[in-house]
Amino acid sequence: MTQSARRCFRCFRPRRMCYCHAISPVQHRTSVLILQHRRERFHPFNTARIVHASLDRCELMTAYNVELAEQFAQLTLPPKTGVLYPDREAKLLDDLRPEERPEHLVILDGTWHQAKTLYRDIPRLQTLPPYRLSPASPGRYRIRREPNEHAVSTLEATVAALMALEPDNRELPRLLQLFDRMIEDQLDRQNIVPDAAPLENWRRNERRRRGSANVPRVLTDHLDRVIVAYGERDLDRPTPIYWTALRLGTGDRFECVIDSPSLHDTNFTQLLHLDHNAIEGAVDIAQFRNAWRDFVQPNDHVAMRHQGTARLLESADAVFAPNILLKAINSPIARMDSHDRPIETGETRGRVRLEAAVKFVEKLNAHHPHNAPANSLAISPKPSASR
């Protein structure tokens with residue numbers, strides 16, 4: 001069994017805690033569209049996945065806000081579409097007469113701050129009639145902290161909205177039962193397994209000290225979970241033509257050239273320093289995707305130089321772990337090199353740039369107050385075989 005096989009790629013939880021087998025279809029009349037903030041896609045406790053997998057008439061869209069806005073603007077929305085958002089003009093769903101109820105409901109999935117940015121950055125949402133809930137009790141999501149006692153998870157909000165719109169529906173409570181089961185299983189594991197990793201709380205909103213570096217905790221405390229990656233873009237398409245990565249915990253390396261007509265452009269391949277052997281070993285995009293999926297392990301984070309690199313993975317449908325954008329890190333100690341060092345014989349430009357990213361991550365880790373300086377993970381100048 002490969003490392004990636006330990007994780008379910010449907011619910012993104014460890015297979016031993018996968019809940020997919022317990023999901024059963026829930027029939028309902030009101031269609032649902034979930035617009036999910038990009039950072040929620042791989043969160044292990046995200047509930048939108050349960051909603052999407054359970055509801056009979058539910059779609060899920062995930063992308064960066066700008067891209068979501070473009071995609072949402074092109075959708076043909078059904079009549080009587082509304083958005084669940086507590087705007088000042090929002091009507092309480094429980095107060096609506098049957099003829100006033102929306103027939104299609106848009107749900108925003110993310111932290112409260114993320115939901116506000118979605119509503120702000122997707123102009124078409126502001127043209128839809130807004131609706132709100134009035135929770136009678138605090139949220140049941142005990143493994144993720146909510147911003148206040150009346151905030152609820154996406155699953156709870158969706159079920160509450162549908163029950164208000166379809167008070168005669170007797171299937172919706174099954175979703176809450178599955179939700180409670182997932183929470184109890186997680187809490188039981190945390191109490192029973194002595195060395196279980198602590199619950200990661202992405203809802204926490206702690207005030208950062210002014211001037212402090214915004215270094216993700218995984219880069220200071222868990223380098224064994226970090227893969228540093230770099231990709232080169234195809235000459236004619238916004239897809240990867242070369243991808244290389246290094247796992248910091250073990251030094252394992254990934255390197256792949258993706259087949260493309262651009263590989264026949266000698267000037268382009270010389271710019272990337274791709275030699276004949278590397279080009280001959282090129283694989284198609286599906287083979288690259290499968291190889292990368294096998295390389296990425298549960299709990300990994302992929303650190304990349306900037307947003308452009310991250311979008312290459314998205315274009316290949318090969319995002320299998322949360323991303324860390326190194327250019328976004330503000331640190332007075334370490335800086336990302338803006339100039340490439342000379343490329344030696346046998347090296348690719350991608351390997352040189354990957355080396356710079358690795359050194360940046362190591363400096364961040366070594367200078368963290370809780371860490372002693374670590375030995376640098378050497379990158380061999382000679383390319384390894386493509387995977």
# chains A, B, ... in the order shown; residues from 1 in each chain; ligands from 1
>>> residues_around(residues="region 24-31 of chain A", least_positions_apart="4", cutoff="7 Å", atoms="only C-alpha atoms", output="number ranges by chain")
A: 54-58, 103-105, 171-172
>>> write_last_selection(atoms="all heavy atoms", output="PDB file, in the first residue's frame")
ATOM      1  N   SER A  54     -23.786  13.962   0.475  1.00  0.00           N
ATOM      2  CA  SER A  54     -25.058  13.439   0.981  1.00  0.00           C
ATOM      3  C   SER A  54     -26.273  13.980   0.238  1.00  0.00           C
ATOM      4  O   SER A  54     -27.204  13.225  -0.074  1.00  0.00           O
ATOM      5  CB  SER A  54     -25.197  13.771   2.474  1.00  0.00           C
ATOM      6  OG  SER A  54     -24.144  13.203   3.227  1.00  0.00           O
ATOM      7  N   LEU A  55     -26.299  15.279  -0.010  1.00  0.00           N
ATOM      8  CA  LEU A  55     -27.486  15.876  -0.600  1.00  0.00           C
ATOM      9  C   LEU A  55     -27.677  15.461  -2.051  1.00  0.00           C
ATOM     10  O   LEU A  55     -26.721  15.426  -2.838  1.00  0.00           O
ATOM     11  CB  LEU A  55     -27.426  17.399  -0.508  1.00  0.00           C
ATOM     12  CG  LEU A  55     -27.518  18.007   0.896  1.00  0.00           C
ATOM     13  CD1 LEU A  55     -27.562  19.528   0.806  1.00  0.00           C
ATOM     14  CD2 LEU A  55     -28.733  17.483   1.656  1.00  0.00           C
ATOM     15  N   ASP A  56     -28.902  15.183  -2.401  1.00  0.00           N
ATOM     16  CA  ASP A  56     -29.214  14.694  -3.746  1.00  0.00           C
ATOM     17  C   ASP A  56     -29.067  15.791  -4.799  1.00  0.00           C
ATOM     18  O   ASP A  56     -28.725  15.521  -5.939  1.00  0.00           O
ATOM     19  CB  ASP A  56     -30.650  14.152  -3.742  1.00  0.00           C
ATOM     20  CG  ASP A  56     -31.033  13.560  -5.075  1.00  0.00           C
ATOM     21  OD1 ASP A  56     -30.301  12.687  -5.561  1.00  0.00           O
ATOM     22  OD2 ASP A  56     -32.067  13.974  -5.638  1.00  0.00           O
ATOM     23  N   ARG A  57     -29.299  17.057  -4.396  1.00  0.00           N
ATOM     24  CA  ARG A  57     -29.271  18.167  -5.358  1.00  0.00           C
ATOM     25  C   ARG A  57     -28.295  19.227  -4.840  1.00  0.00           C
ATOM     26  O   ARG A  57     -28.706  20.289  -4.383  1.00  0.00           O
ATOM     27  CB  ARG A  57     -30.659  18.751  -5.543  1.00  0.00           C
ATOM     28  CG  ARG A  57     -31.714  17.745  -5.980  1.00  0.00           C
ATOM     29  CD  ARG A  57     -33.056  18.421  -6.168  1.00  0.00           C
ATOM     30  NE  ARG A  57     -32.990  19.412  -7.245  1.00  0.00           N
ATOM     31  CZ  ARG A  57     -33.905  20.351  -7.432  1.00  0.00           C
ATOM     32  NH1 ARG A  57     -34.933  20.457  -6.587  1.00  0.00           N
ATOM     33  NH2 ARG A  57     -33.785  21.215  -8.422  1.00  0.00           N
ATOM     34  N   CYS A  58     -27.026  18.921  -4.912  1.00  0.00           N
ATOM     35  CA  CYS A  58     -26.007  19.818  -4.366  1.00  0.00           C
ATOM     36  C   CYS A  58     -24.779  19.837  -5.259  1.00  0.00           C
ATOM     37  O   CYS A  58     -24.295  18.783  -5.699  1.00  0.00           O
ATOM     38  CB  CYS A  58     -25.615  19.369  -2.956  1.00  0.00           C
ATOM     39  SG  CYS A  58     -24.349  20.389  -2.172  1.00  0.00           S
ATOM     40  N   GLU A 103     -35.946  28.668  -4.126  1.00  0.00           N
ATOM     41  CA  GLU A 103     -35.920  27.301  -4.650  1.00  0.00           C
ATOM     42  C   GLU A 103     -34.496  26.826  -4.913  1.00  0.00           C
ATOM     43  O   GLU A 103     -34.269  25.644  -5.179  1.00  0.00           O
ATOM     44  CB  GLU A 103     -36.742  27.220  -5.929  1.00  0.00           C
ATOM     45  CG  GLU A 103     -38.214  27.557  -5.710  1.00  0.00           C
ATOM     46  CD  GLU A 103     -39.006  27.565  -6.999  1.00  0.00           C
ATOM     47  OE1 GLU A 103     -38.386  27.337  -8.079  1.00  0.00           O
ATOM     48  OE2 GLU A 103     -40.233  27.798  -6.947  1.00  0.00           O
ATOM     49  N   HIS A 104     -33.562  27.762  -4.865  1.00  0.00           N
ATOM     50  CA  HIS A 104     -32.136  27.436  -5.056  1.00  0.00           C
ATOM     51  C   HIS A 104     -31.348  28.289  -4.068  1.00  0.00           C
ATOM     52  O   HIS A 104     -31.546  29.510  -4.007  1.00  0.00           O
ATOM     53  CB  HIS A 104     -31.715  27.737  -6.494  1.00  0.00           C
ATOM     54  CG  HIS A 104     -30.283  27.391  -6.796  1.00  0.00           C
ATOM     55  ND1 HIS A 104     -29.832  26.095  -6.865  1.00  0.00           N
ATOM     56  CD2 HIS A 104     -29.195  28.170  -7.044  1.00  0.00           C
ATOM     57  CE1 HIS A 104     -28.532  26.098  -7.152  1.00  0.00           C
ATOM     58  NE2 HIS A 104     -28.138  27.347  -7.248  1.00  0.00           N
ATOM     59  N   LEU A 105     -30.478  27.663  -3.288  1.00  0.00           N
ATOM     60  CA  LEU A 105     -29.788  28.368  -2.212  1.00  0.00           C
ATOM     61  C   LEU A 105     -28.279  28.258  -2.385  1.00  0.00           C
ATOM     62  O   LEU A 105     -27.737  27.168  -2.575  1.00  0.00           O
ATOM     63  CB  LEU A 105     -30.191  27.782  -0.860  1.00  0.00           C
ATOM     64  CG  LEU A 105     -29.904  28.623   0.377  1.00  0.00           C
ATOM     65  CD1 LEU A 105     -30.615  29.971   0.315  1.00  0.00           C
ATOM     66  CD2 LEU A 105     -30.310  27.866   1.640  1.00  0.00           C
ATOM     67  N   GLU A 171     -35.793  13.399   6.061  1.00  0.00           N
ATOM     68  CA  GLU A 171     -34.499  12.782   5.783  1.00  0.00           C
ATOM     69  C   GLU A 171     -33.324  13.643   6.239  1.00  0.00           C
ATOM     70  O   GLU A 171     -32.232  13.145   6.485  1.00  0.00           O
ATOM     71  CB  GLU A 171     -34.359  12.492   4.282  1.00  0.00           C
ATOM     72  CG  GLU A 171     -35.372  11.493   3.755  1.00  0.00           C
ATOM     73  CD  GLU A 171     -35.044  11.070   2.340  1.00  0.00           C
ATOM     74  OE1 GLU A 171     -33.848  11.003   2.002  1.00  0.00           O
ATOM     75  OE2 GLU A 171     -35.987  10.792   1.573  1.00  0.00           O
ATOM     76  N   LEU A 172     -33.525  14.947   6.361  1.00  0.00           N
ATOM     77  CA  LEU A 172     -32.428  15.862   6.687  1.00  0.00           C
ATOM     78  C   LEU A 172     -31.752  15.581   8.026  1.00  0.00           C
ATOM     79  O   LEU A 172     -30.526  15.740   8.129  1.00  0.00           O
ATOM     80  CB  LEU A 172     -32.941  17.307   6.646  1.00  0.00           C
ATOM     81  CG  LEU A 172     -33.302  17.819   5.249  1.00  0.00           C
ATOM     82  CD1 LEU A 172     -34.085  19.127   5.332  1.00  0.00           C
ATOM     83  CD2 LEU A 172     -32.047  18.013   4.409  1.00  0.00           C
TER      84      LEU A 172
END
>>> residues_around(residues="Leu271 (chain A)", least_positions_apart="3", cutoff="12 Å", atoms="only C-alpha atoms", output="list in words")
Glu232, Arg233, Leu235, Ser262, Leu263, Asp265, Thr266, Asn267, Phe268, Leu274, Asp275, Ile343, Glu347, Thr348, Arg349 and Gly350 of chain A
>>> write_last_selection(atoms="N, CA, C and O atoms", output="PDB file, in the first residue's frame")
ATOM      1  N   GLU A 232       7.824  24.408 -13.688  1.00  0.00           N
ATOM      2  CA  GLU A 232       7.999  25.264 -14.859  1.00  0.00           C
ATOM      3  C   GLU A 232       6.730  25.188 -15.712  1.00  0.00           C
ATOM      4  O   GLU A 232       6.147  24.115 -15.897  1.00  0.00           O
ATOM      5  N   ARG A 233       6.338  26.335 -16.255  1.00  0.00           N
ATOM      6  CA  ARG A 233       5.115  26.431 -17.047  1.00  0.00           C
ATOM      7  C   ARG A 233       5.363  26.085 -18.504  1.00  0.00           C
ATOM      8  O   ARG A 233       6.411  26.405 -19.060  1.00  0.00           O
ATOM      9  N   LEU A 235       5.143  26.413 -22.456  1.00  0.00           N
ATOM     10  CA  LEU A 235       5.326  27.612 -23.263  1.00  0.00           C
ATOM     11  C   LEU A 235       4.003  28.163 -23.780  1.00  0.00           C
ATOM     12  O   LEU A 235       3.801  29.380 -23.850  1.00  0.00           O
ATOM     13  N   SER A 262       5.812  21.900 -26.722  1.00  0.00           N
ATOM     14  CA  SER A 262       6.830  22.902 -26.384  1.00  0.00           C
ATOM     15  C   SER A 262       8.203  22.282 -26.188  1.00  0.00           C
ATOM     16  O   SER A 262       9.220  22.978 -26.288  1.00  0.00           O
ATOM     17  N   LEU A 263       8.265  20.983 -25.915  1.00  0.00           N
ATOM     18  CA  LEU A 263       9.545  20.313 -25.721  1.00  0.00           C
ATOM     19  C   LEU A 263      10.339  20.219 -27.026  1.00  0.00           C
ATOM     20  O   LEU A 263      11.526  19.881 -27.012  1.00  0.00           O
ATOM     21  N   ASP A 265      10.718  22.853 -28.908  1.00  0.00           N
ATOM     22  CA  ASP A 265      11.278  24.188 -29.083  1.00  0.00           C
ATOM     23  C   ASP A 265      12.646  24.223 -28.399  1.00  0.00           C
ATOM     24  O   ASP A 265      12.740  24.271 -27.172  1.00  0.00           O
ATOM     25  N   THR A 266      13.704  24.206 -29.191  1.00  0.00           N
ATOM     26  CA  THR A 266      15.056  24.110 -28.643  1.00  0.00           C
ATOM     27  C   THR A 266      15.391  25.301 -27.745  1.00  0.00           C
ATOM     28  O   THR A 266      16.008  25.125 -26.685  1.00  0.00           O
ATOM     29  N   ASN A 267      15.015  26.491 -28.141  1.00  0.00           N
ATOM     30  CA  ASN A 267      15.302  27.665 -27.319  1.00  0.00           C
ATOM     31  C   ASN A 267      14.635  27.568 -25.953  1.00  0.00           C
ATOM     32  O   ASN A 267      15.216  27.945 -24.926  1.00  0.00           O
ATOM     33  N   PHE A 268      13.415  27.040 -25.937  1.00  0.00           N
ATOM     34  CA  PHE A 268      12.679  26.910 -24.685  1.00  0.00           C
ATOM     35  C   PHE A 268      13.324  25.863 -23.781  1.00  0.00           C
ATOM     36  O   PHE A 268      13.527  26.093 -22.576  1.00  0.00           O
ATOM     37  N   LEU A 274      16.742  21.640 -19.894  1.00  0.00           N
ATOM     38  CA  LEU A 274      16.288  20.259 -19.982  1.00  0.00           C
ATOM     39  C   LEU A 274      17.082  19.553 -21.064  1.00  0.00           C
ATOM     40  O   LEU A 274      17.086  19.971 -22.213  1.00  0.00           O
ATOM     41  N   ASP A 275      17.763  18.473 -20.682  1.00  0.00           N
ATOM     42  CA  ASP A 275      18.581  17.766 -21.671  1.00  0.00           C
ATOM     43  C   ASP A 275      17.746  16.711 -22.402  1.00  0.00           C
ATOM     44  O   ASP A 275      16.576  16.489 -22.110  1.00  0.00           O
ATOM     45  N   ILE A 343      23.696  28.159 -13.186  1.00  0.00           N
ATOM     46  CA  ILE A 343      23.256  26.770 -13.355  1.00  0.00           C
ATOM     47  C   ILE A 343      24.433  25.944 -13.849  1.00  0.00           C
ATOM     48  O   ILE A 343      25.032  26.240 -14.884  1.00  0.00           O
ATOM     49  N   GLU A 347      22.397  20.356 -14.263  1.00  0.00           N
ATOM     50  CA  GLU A 347      21.292  20.890 -13.487  1.00  0.00           C
ATOM     51  C   GLU A 347      20.214  21.456 -14.405  1.00  0.00           C
ATOM     52  O   GLU A 347      20.485  21.824 -15.544  1.00  0.00           O
ATOM     53  N   THR A 348      19.001  21.535 -13.882  1.00  0.00           N
ATOM     54  CA  THR A 348      17.921  22.254 -14.562  1.00  0.00           C
ATOM     55  C   THR A 348      17.688  23.562 -13.822  1.00  0.00           C
ATOM     56  O   THR A 348      18.080  23.709 -12.659  1.00  0.00           O
ATOM     57  N   ARG A 349      17.048  24.505 -14.496  1.00  0.00           N
ATOM     58  CA  ARG A 349      16.720  25.753 -13.819  1.00  0.00           C
ATOM     59  C   ARG A 349      15.759  25.508 -12.653  1.00  0.00           C
ATOM     60  O   ARG A 349      15.852  26.140 -11.598  1.00  0.00           O
ATOM     61  N   GLY A 350      14.871  24.539 -12.845  1.00  0.00           N
ATOM     62  CA  GLY A 350      13.924  24.215 -11.792  1.00  0.00           C
ATOM     63  C   GLY A 350      14.595  23.721 -10.528  1.00  0.00           C
ATOM     64  O   GLY A 350      14.187  24.064  -9.410  1.00  0.00           O
TER      65      GLY A 350
END
>>> closest_residue(among="A:Val159, A:Leu272, A:Ile23, A:Val215", to="Asp234 (chain A)", atoms="only C-alpha atoms")
A:Leu272
>>> residues_around(residues="Asp252 (chain A)", least_positions_apart="5", cutoff="10 Å", atoms="only C-alpha atoms", output="list in words")
Ile227, Ala245, Leu246, Arg247 and Phe295 of chain A
>>> decode(residues="region 107-122 of chain A", atoms="all heavy atoms", output="PDB file, in the first residue's frame")
ATOM      1  N   ILE A 107     -24.665  28.614  -0.630  1.00  0.00           N
ATOM      2  CA  ILE A 107     -24.065  28.543   0.697  1.00  0.00           C
ATOM      3  C   ILE A 107     -22.587  28.895   0.576  1.00  0.00           C
ATOM      4  O   ILE A 107     -21.899  28.417  -0.342  1.00  0.00           O
ATOM      5  CB  ILE A 107     -24.195  27.133   1.302  1.00  0.00           C
ATOM      6  CG1 ILE A 107     -25.645  26.642   1.257  1.00  0.00           C
ATOM      7  CG2 ILE A 107     -23.629  27.092   2.716  1.00  0.00           C
ATOM      8  CD1 ILE A 107     -26.558  27.268   2.249  1.00  0.00           C
ATOM      9  N   LEU A 108     -22.064  29.718   1.478  1.00  0.00           N
ATOM     10  CA  LEU A 108     -20.642  30.058   1.493  1.00  0.00           C
ATOM     11  C   LEU A 108     -19.945  29.209   2.540  1.00  0.00           C
ATOM     12  O   LEU A 108     -20.346  29.192   3.708  1.00  0.00           O
ATOM     13  CB  LEU A 108     -20.453  31.546   1.804  1.00  0.00           C
ATOM     14  CG  LEU A 108     -21.230  32.517   0.911  1.00  0.00           C
ATOM     15  CD1 LEU A 108     -20.902  33.957   1.280  1.00  0.00           C
ATOM     16  CD2 LEU A 108     -20.927  32.255  -0.560  1.00  0.00           C
ATOM     17  N   ASP A 109     -18.889  28.509   2.125  1.00  0.00           N
ATOM     18  CA  ASP A 109     -18.183  27.595   3.029  1.00  0.00           C
ATOM     19  C   ASP A 109     -16.802  28.138   3.365  1.00  0.00           C
ATOM     20  O   ASP A 109     -15.971  28.337   2.487  1.00  0.00           O
ATOM     21  CB  ASP A 109     -18.045  26.206   2.388  1.00  0.00           C
ATOM     22  CG  ASP A 109     -17.267  25.247   3.268  1.00  0.00           C
ATOM     23  OD1 ASP A 109     -17.646  25.076   4.445  1.00  0.00           O
ATOM     24  OD2 ASP A 109     -16.266  24.676   2.785  1.00  0.00           O
ATOM     25  N   GLY A 110     -16.567  28.363   4.640  1.00  0.00           N
ATOM     26  CA  GLY A 110     -15.271  28.864   5.108  1.00  0.00           C
ATOM     27  C   GLY A 110     -15.412  29.416   6.503  1.00  0.00           C
ATOM     28  O   GLY A 110     -16.494  29.390   7.100  1.00  0.00           O
ATOM     29  N   THR A 111     -14.318  29.898   7.067  1.00  0.00           N
ATOM     30  CA  THR A 111     -14.416  30.602   8.329  1.00  0.00           C
ATOM     31  C   THR A 111     -15.266  31.853   8.121  1.00  0.00           C
ATOM     32  O   THR A 111     -15.551  32.246   6.981  1.00  0.00           O
ATOM     33  CB  THR A 111     -13.024  31.012   8.835  1.00  0.00           C
ATOM     34  OG1 THR A 111     -12.455  31.969   7.922  1.00  0.00           O
ATOM     35  CG2 THR A 111     -12.085  29.812   8.944  1.00  0.00           C
ATOM     36  N   TRP A 112     -15.656  32.489   9.199  1.00  0.00           N
ATOM     37  CA  TRP A 112     -16.470  33.696   9.063  1.00  0.00           C
ATOM     38  C   TRP A 112     -15.722  34.752   8.241  1.00  0.00           C
ATOM     39  O   TRP A 112     -16.296  35.406   7.375  1.00  0.00           O
ATOM     40  CB  TRP A 112     -16.840  34.225  10.431  1.00  0.00           C
ATOM     41  CG  TRP A 112     -17.598  35.518  10.406  1.00  0.00           C
ATOM     42  CD1 TRP A 112     -17.309  36.646  11.088  1.00  0.00           C
ATOM     43  CD2 TRP A 112     -18.777  35.823   9.646  1.00  0.00           C
ATOM     44  NE1 TRP A 112     -18.217  37.644  10.814  1.00  0.00           N
ATOM     45  CE2 TRP A 112     -19.136  37.163   9.919  1.00  0.00           C
ATOM     46  CE3 TRP A 112     -19.560  35.100   8.747  1.00  0.00           C
ATOM     47  CZ2 TRP A 112     -20.229  37.789   9.342  1.00  0.00           C
ATOM     48  CZ3 TRP A 112     -20.655  35.731   8.158  1.00  0.00           C
ATOM     49  CH2 TRP A 112     -20.988  37.045   8.459  1.00  0.00           C
ATOM     50  N   HIS A 113     -14.440  34.905   8.490  1.00  0.00           N
ATOM     51  CA  HIS A 113     -13.662  35.873   7.712  1.00  0.00           C
ATOM     52  C   HIS A 113     -13.615  35.475   6.238  1.00  0.00           C
ATOM     53  O   HIS A 113     -13.768  36.330   5.348  1.00  0.00           O
ATOM     54  CB  HIS A 113     -12.246  35.975   8.274  1.00  0.00           C
ATOM     55  CG  HIS A 113     -11.332  36.819   7.429  1.00  0.00           C
ATOM     56  ND1 HIS A 113     -11.426  38.201   7.361  1.00  0.00           N
ATOM     57  CD2 HIS A 113     -10.317  36.473   6.575  1.00  0.00           C
ATOM     58  CE1 HIS A 113     -10.513  38.665   6.523  1.00  0.00           C
ATOM     59  NE2 HIS A 113      -9.832  37.643   6.037  1.00  0.00           N
ATOM     60  N   GLN A 114     -13.412  34.184   5.956  1.00  0.00           N
ATOM     61  CA  GLN A 114     -13.356  33.730   4.570  1.00  0.00           C
ATOM     62  C   GLN A 114     -14.693  33.936   3.868  1.00  0.00           C
ATOM     63  O   GLN A 114     -14.746  34.314   2.696  1.00  0.00           O
ATOM     64  CB  GLN A 114     -12.939  32.261   4.532  1.00  0.00           C
ATOM     65  CG  GLN A 114     -11.500  32.029   4.945  1.00  0.00           C
ATOM     66  CD  GLN A 114     -11.205  30.568   5.218  1.00  0.00           C
ATOM     67  OE1 GLN A 114     -12.111  29.721   5.196  1.00  0.00           O
ATOM     68  NE2 GLN A 114      -9.950  30.253   5.496  1.00  0.00           N
ATOM     69  N   ALA A 115     -15.792  33.684   4.592  1.00  0.00           N
ATOM     70  CA  ALA A 115     -17.114  33.880   3.997  1.00  0.00           C
ATOM     71  C   ALA A 115     -17.335  35.346   3.645  1.00  0.00           C
ATOM     72  O   ALA A 115     -17.913  35.663   2.594  1.00  0.00           O
ATOM     73  CB  ALA A 115     -18.192  33.392   4.972  1.00  0.00           C
ATOM     74  N   LYS A 116     -16.865  36.244   4.494  1.00  0.00           N
ATOM     75  CA  LYS A 116     -17.005  37.673   4.196  1.00  0.00           C
ATOM     76  C   LYS A 116     -16.212  38.057   2.957  1.00  0.00           C
ATOM     77  O   LYS A 116     -16.670  38.874   2.149  1.00  0.00           O
ATOM     78  CB  LYS A 116     -16.554  38.501   5.402  1.00  0.00           C
ATOM     79  CG  LYS A 116     -17.523  38.483   6.558  1.00  0.00           C
ATOM     80  CD  LYS A 116     -17.215  39.561   7.579  1.00  0.00           C
ATOM     81  CE  LYS A 116     -15.906  39.312   8.300  1.00  0.00           C
ATOM     82  NZ  LYS A 116     -15.681  40.304   9.391  1.00  0.00           N
ATOM     83  N   THR A 117     -15.016  37.479   2.794  1.00  0.00           N
ATOM     84  CA  THR A 117     -14.231  37.798   1.593  1.00  0.00           C
ATOM     85  C   THR A 117     -14.884  37.218   0.341  1.00  0.00           C
ATOM     86  O   THR A 117     -14.833  37.830  -0.732  1.00  0.00           O
ATOM     87  CB  THR A 117     -12.786  37.292   1.713  1.00  0.00           C
ATOM     88  OG1 THR A 117     -12.768  35.860   1.770  1.00  0.00           O
ATOM     89  CG2 THR A 117     -12.107  37.849   2.963  1.00  0.00           C
ATOM     90  N   LEU A 118     -15.507  36.039   0.454  1.00  0.00           N
ATOM     91  CA  LEU A 118     -16.224  35.475  -0.690  1.00  0.00           C
ATOM     92  C   LEU A 118     -17.369  36.393  -1.106  1.00  0.00           C
ATOM     93  O   LEU A 118     -17.555  36.685  -2.298  1.00  0.00           O
ATOM     94  CB  LEU A 118     -16.765  34.079  -0.342  1.00  0.00           C
ATOM     95  CG  LEU A 118     -15.761  32.929  -0.267  1.00  0.00           C
ATOM     96  CD1 LEU A 118     -16.423  31.682   0.301  1.00  0.00           C
ATOM     97  CD2 LEU A 118     -15.168  32.628  -1.635  1.00  0.00           C
ATOM     98  N   TYR A 119     -18.143  36.849  -0.135  1.00  0.00           N
ATOM     99  CA  TYR A 119     -19.280  37.714  -0.436  1.00  0.00           C
ATOM    100  C   TYR A 119     -18.807  39.044  -1.029  1.00  0.00           C
ATOM    101  O   TYR A 119     -19.437  39.596  -1.939  1.00  0.00           O
ATOM    102  CB  TYR A 119     -20.080  37.957   0.845  1.00  0.00           C
ATOM    103  CG  TYR A 119     -21.428  38.603   0.615  1.00  0.00           C
ATOM    104  CD1 TYR A 119     -22.494  37.871   0.107  1.00  0.00           C
ATOM    105  CD2 TYR A 119     -21.635  39.945   0.915  1.00  0.00           C
ATOM    106  CE1 TYR A 119     -23.728  38.460  -0.107  1.00  0.00           C
ATOM    107  CE2 TYR A 119     -22.868  40.552   0.704  1.00  0.00           C
ATOM    108  CZ  TYR A 119     -23.914  39.800   0.185  1.00  0.00           C
ATOM    109  OH  TYR A 119     -25.134  40.383  -0.027  1.00  0.00           O
ATOM    110  N   ARG A 120     -17.678  39.529  -0.523  1.00  0.00           N
ATOM    111  CA  ARG A 120     -17.124  40.795  -1.015  1.00  0.00           C
ATOM    112  C   ARG A 120     -16.565  40.659  -2.425  1.00  0.00           C
ATOM    113  O   ARG A 120     -16.738  41.552  -3.265  1.00  0.00           O
ATOM    114  CB  ARG A 120     -16.016  41.266  -0.061  1.00  0.00           C
ATOM    115  CG  ARG A 120     -15.310  42.545  -0.468  1.00  0.00           C
ATOM    116  CD  ARG A 120     -13.982  42.654   0.272  1.00  0.00           C
ATOM    117  NE  ARG A 120     -13.049  41.622  -0.137  1.00  0.00           N
ATOM    118  CZ  ARG A 120     -11.994  41.228   0.586  1.00  0.00           C
ATOM    119  NH1 ARG A 120     -11.769  41.786   1.763  1.00  0.00           N
ATOM    120  NH2 ARG A 120     -11.190  40.289   0.136  1.00  0.00           N
ATOM    121  N   ASP A 121     -15.873  39.536  -2.704  1.00  0.00           N
ATOM    122  CA  ASP A 121     -15.132  39.397  -3.960  1.00  0.00           C
ATOM    123  C   ASP A 121     -15.949  38.781  -5.092  1.00  0.00           C
ATOM    124  O   ASP A 121     -15.454  38.695  -6.222  1.00  0.00           O
ATOM    125  CB  ASP A 121     -13.881  38.548  -3.727  1.00  0.00           C
ATOM    126  CG  ASP A 121     -12.889  39.208  -2.775  1.00  0.00           C
ATOM    127  OD1 ASP A 121     -12.993  40.441  -2.606  1.00  0.00           O
ATOM    128  OD2 ASP A 121     -12.045  38.495  -2.215  1.00  0.00           O
ATOM    129  N   ILE A 122     -17.144  38.315  -4.807  1.00  0.00           N
ATOM    130  CA  ILE A 122     -17.995  37.725  -5.850  1.00  0.00           C
ATOM    131  C   ILE A 122     -19.198  38.649  -6.033  1.00  0.00           C
ATOM    132  O   ILE A 122     -20.227  38.513  -5.358  1.00  0.00           O
ATOM    133  CB  ILE A 122     -18.439  36.299  -5.468  1.00  0.00           C
ATOM    134  CG1 ILE A 122     -17.205  35.413  -5.196  1.00  0.00           C
ATOM    135  CG2 ILE A 122     -19.276  35.681  -6.580  1.00  0.00           C
ATOM    136  CD1 ILE A 122     -17.528  34.011  -4.773  1.00  0.00           C
TER     137      ILE A 122
END
